[in-house]
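Participant: Handing you this structure, nothing more for now.
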Amino acid sequence: AGVNLQWAARHSGNCVVARVFERGEGPTASSGTSASAVACAAWRAGWVEGGEVTVVMPGGIAPVRLHIQADTLLSVSLFGTARLQA
């Protein structure tokens with residue numbers, strides 16, 4: 001009822017596998033906002049370290065950078081090249 005959901009599973013290294021369900025749309029192949037949220041939650045849970053985190057979704061891989069200082073998450077950013085996949 002009006003929320004987006006992300007499911008995540010631990011993978012190897014600084015990698016997390018995620019699935020996204022967006023309100024009004026249903027299952028979504030990929031989402032930058034969701035990838036960022038999943039990377040932050042994975043860091044908070046101790047699954048990944050700061051720095052580059054790979055979030056794997058059905059629509060592709062979203063590289064996320066977590067900027068950490070003194071055990072504090074300062075910022076999160078997406079990076080890399082966007083490509084059209086048909």
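Following the order of the structure tokens, chains are lettered A, B, ..., residues in each are numbered from 1, and ligands are numbered from 1.
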Could you pull out the residues in chain A that DSSP calls helix (DSSP H, G or I) from the backbone, as a list of chain:residue names?
Facilitator: A:Gly32, A:Thr33, A:Ser34, A:Ala35, A:Ser36, A:Ala37, A:Val38, A:Ala39, A:Cys40, A:Ala41, A:Ala42, A:Trp43, A:Arg44, A:Ala45
Participant: Using only C-alpha atoms, determine which residues lie at most 12 Å from range 58-69 of chain A, disregarding the query and same-chain residues fewer than 4 positions distant; provide the list as a PDB file with C-alpha atoms, in the first residue's frame.
Facilitator:
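Below you can see selection_9.pdb, which holds the result:
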```
ATOM      1  CA  ASN A  14      31.349  -6.451  -1.710  1.00  0.00           C
ATOM      2  CA  CYS A  15      28.452  -7.788  -3.771  1.00  0.00           C
ATOM      3  CA  VAL A  16      24.741  -8.023  -2.950  1.00  0.00           C
ATOM      4  CA  VAL A  17      21.924  -9.568  -5.018  1.00  0.00           C
ATOM      5  CA  ALA A  18      18.646  -7.635  -4.956  1.00  0.00           C
ATOM      6  CA  ARG A  19      15.067  -7.762  -6.213  1.00  0.00           C
ATOM      7  CA  VAL A  20      12.800  -4.722  -6.389  1.00  0.00           C
ATOM      8  CA  PHE A  21       9.021  -4.349  -6.245  1.00  0.00           C
ATOM      9  CA  PRO A  27       8.559  -6.323 -10.069  1.00  0.00           C
ATOM     10  CA  THR A  28      11.168  -3.967 -11.548  1.00  0.00           C
ATOM     11  CA  ALA A  29      14.287  -5.101 -13.426  1.00  0.00           C
ATOM     12  CA  SER A  30      16.515  -2.452 -11.864  1.00  0.00           C
ATOM     13  CA  SER A  31      16.423   0.779  -9.906  1.00  0.00           C
ATOM     14  CA  GLY A  32      19.235   3.128  -8.982  1.00  0.00           C
ATOM     15  CA  THR A  33      17.434   4.373  -5.896  1.00  0.00           C
ATOM     16  CA  SER A  34      16.804   0.811  -4.743  1.00  0.00           C
ATOM     17  CA  ALA A  35      20.407  -0.191  -5.464  1.00  0.00           C
ATOM     18  CA  SER A  36      21.575   2.694  -3.280  1.00  0.00           C
ATOM     19  CA  ALA A  37      19.205   1.710  -0.472  1.00  0.00           C
ATOM     20  CA  VAL A  38      20.267  -1.942  -0.658  1.00  0.00           C
ATOM     21  CA  ALA A  39      23.974  -1.031  -0.559  1.00  0.00           C
ATOM     22  CA  CYS A  40      23.425   1.203   2.488  1.00  0.00           C
ATOM     23  CA  ALA A  41      21.404  -1.481   4.293  1.00  0.00           C
ATOM     24  CA  ALA A  42      24.012  -4.130   3.434  1.00  0.00           C
ATOM     25  CA  TRP A  43      26.745  -1.923   4.904  1.00  0.00           C
ATOM     26  CA  ARG A  44      24.685  -1.284   8.027  1.00  0.00           C
ATOM     27  CA  VAL A  48      29.785  -5.229   2.797  1.00  0.00           C
ATOM     28  CA  GLU A  49      32.592  -2.755   3.409  1.00  0.00           C
ATOM     29  CA  GLY A  50      32.546   0.892   2.366  1.00  0.00           C
ATOM     30  CA  GLY A  51      33.796   1.849  -1.073  1.00  0.00           C
ATOM     31  CA  GLU A  52      32.523   0.185  -4.222  1.00  0.00           C
ATOM     32  CA  VAL A  53      29.550  -2.136  -3.731  1.00  0.00           C
ATOM     33  CA  THR A  54      28.113  -4.179  -6.600  1.00  0.00           C
ATOM     34  CA  LEU A  73      28.107   6.707   6.178  1.00  0.00           C
ATOM     35  CA  LEU A  74      28.660  10.166   4.682  1.00  0.00           C
ATOM     36  CA  SER A  75      27.218   9.714   1.201  1.00  0.00           C
ATOM     37  CA  VAL A  76      26.167   7.221  -1.439  1.00  0.00           C
ATOM     38  CA  SER A  77      26.525   7.578  -5.208  1.00  0.00           C
ATOM     39  CA  LEU A  78      25.925   5.594  -8.360  1.00  0.00           C
ATOM     40  CA  PHE A  79      28.681   5.521 -10.953  1.00  0.00           C
ATOM     41  CA  GLY A  80      29.542   3.844 -14.226  1.00  0.00           C
ATOM     42  CA  THR A  81      28.213   3.853 -17.761  1.00  0.00           C
ATOM     43  CA  ALA A  82      24.527   3.479 -18.584  1.00  0.00           C
ATOM     44  CA  ARG A  83      23.716   1.227 -21.530  1.00  0.00           C
ATOM     45  CA  LEU A  84      20.425   0.473 -23.240  1.00  0.00           C
ATOM     46  CA  GLN A  85      19.568  -3.222 -23.112  1.00  0.00           C
ATOM     47  CA  ALA A  86      16.744  -4.603 -25.172  1.00  0.00           C
TER      48      ALA A  86
END
```
Participant: What is the distance between CA of Gly13 in chain A and CA of Ala45 in chain A, in Å to one decimal?
Facilitator: 14.0 Å
Participant: Can you list, as a list in words, every protein, DNA or RNA residue that comes within 9 Å of Gly2 in chain A when you count only C-alpha atoms, leaving out same-chain residues fewer than 3 positions away?
Facilitator: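 Final neighbour list, sorted by chain and number: Glu22, Arg23 and Gly24 of chain A.
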Participant: From range 28-63 of chain A, collect each residue whose DSSP state is strand (DSSP E) and return the set as a PDB file with C-alpha atoms, in the first residue's frame.
Facilitator:
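File produced: states37.pdb:
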```
ATOM      1  CA  THR A  28      11.168  -3.967 -11.548  1.00  0.00           C
ATOM      2  CA  GLY A  51      33.796   1.849  -1.073  1.00  0.00           C
ATOM      3  CA  GLU A  52      32.523   0.185  -4.222  1.00  0.00           C
ATOM      4  CA  VAL A  53      29.550  -2.136  -3.731  1.00  0.00           C
ATOM      5  CA  THR A  54      28.113  -4.179  -6.600  1.00  0.00           C
ATOM      6  CA  VAL A  55      24.329  -4.582  -6.520  1.00  0.00           C
ATOM      7  CA  VAL A  56      23.117  -7.286  -8.929  1.00  0.00           C
ATOM      8  CA  MET A  57      19.496  -7.051 -10.103  1.00  0.00           C
ATOM      9  CA  GLY A  60      21.858  -5.612 -14.644  1.00  0.00           C
ATOM     10  CA  ILE A  61      24.531  -4.497 -12.254  1.00  0.00           C
ATOM     11  CA  ALA A  62      24.427  -1.196 -10.392  1.00  0.00           C
ATOM     12  CA  PRO A  63      27.796  -0.038  -9.052  1.00  0.00           C
TER      13      PRO A  63
END
```
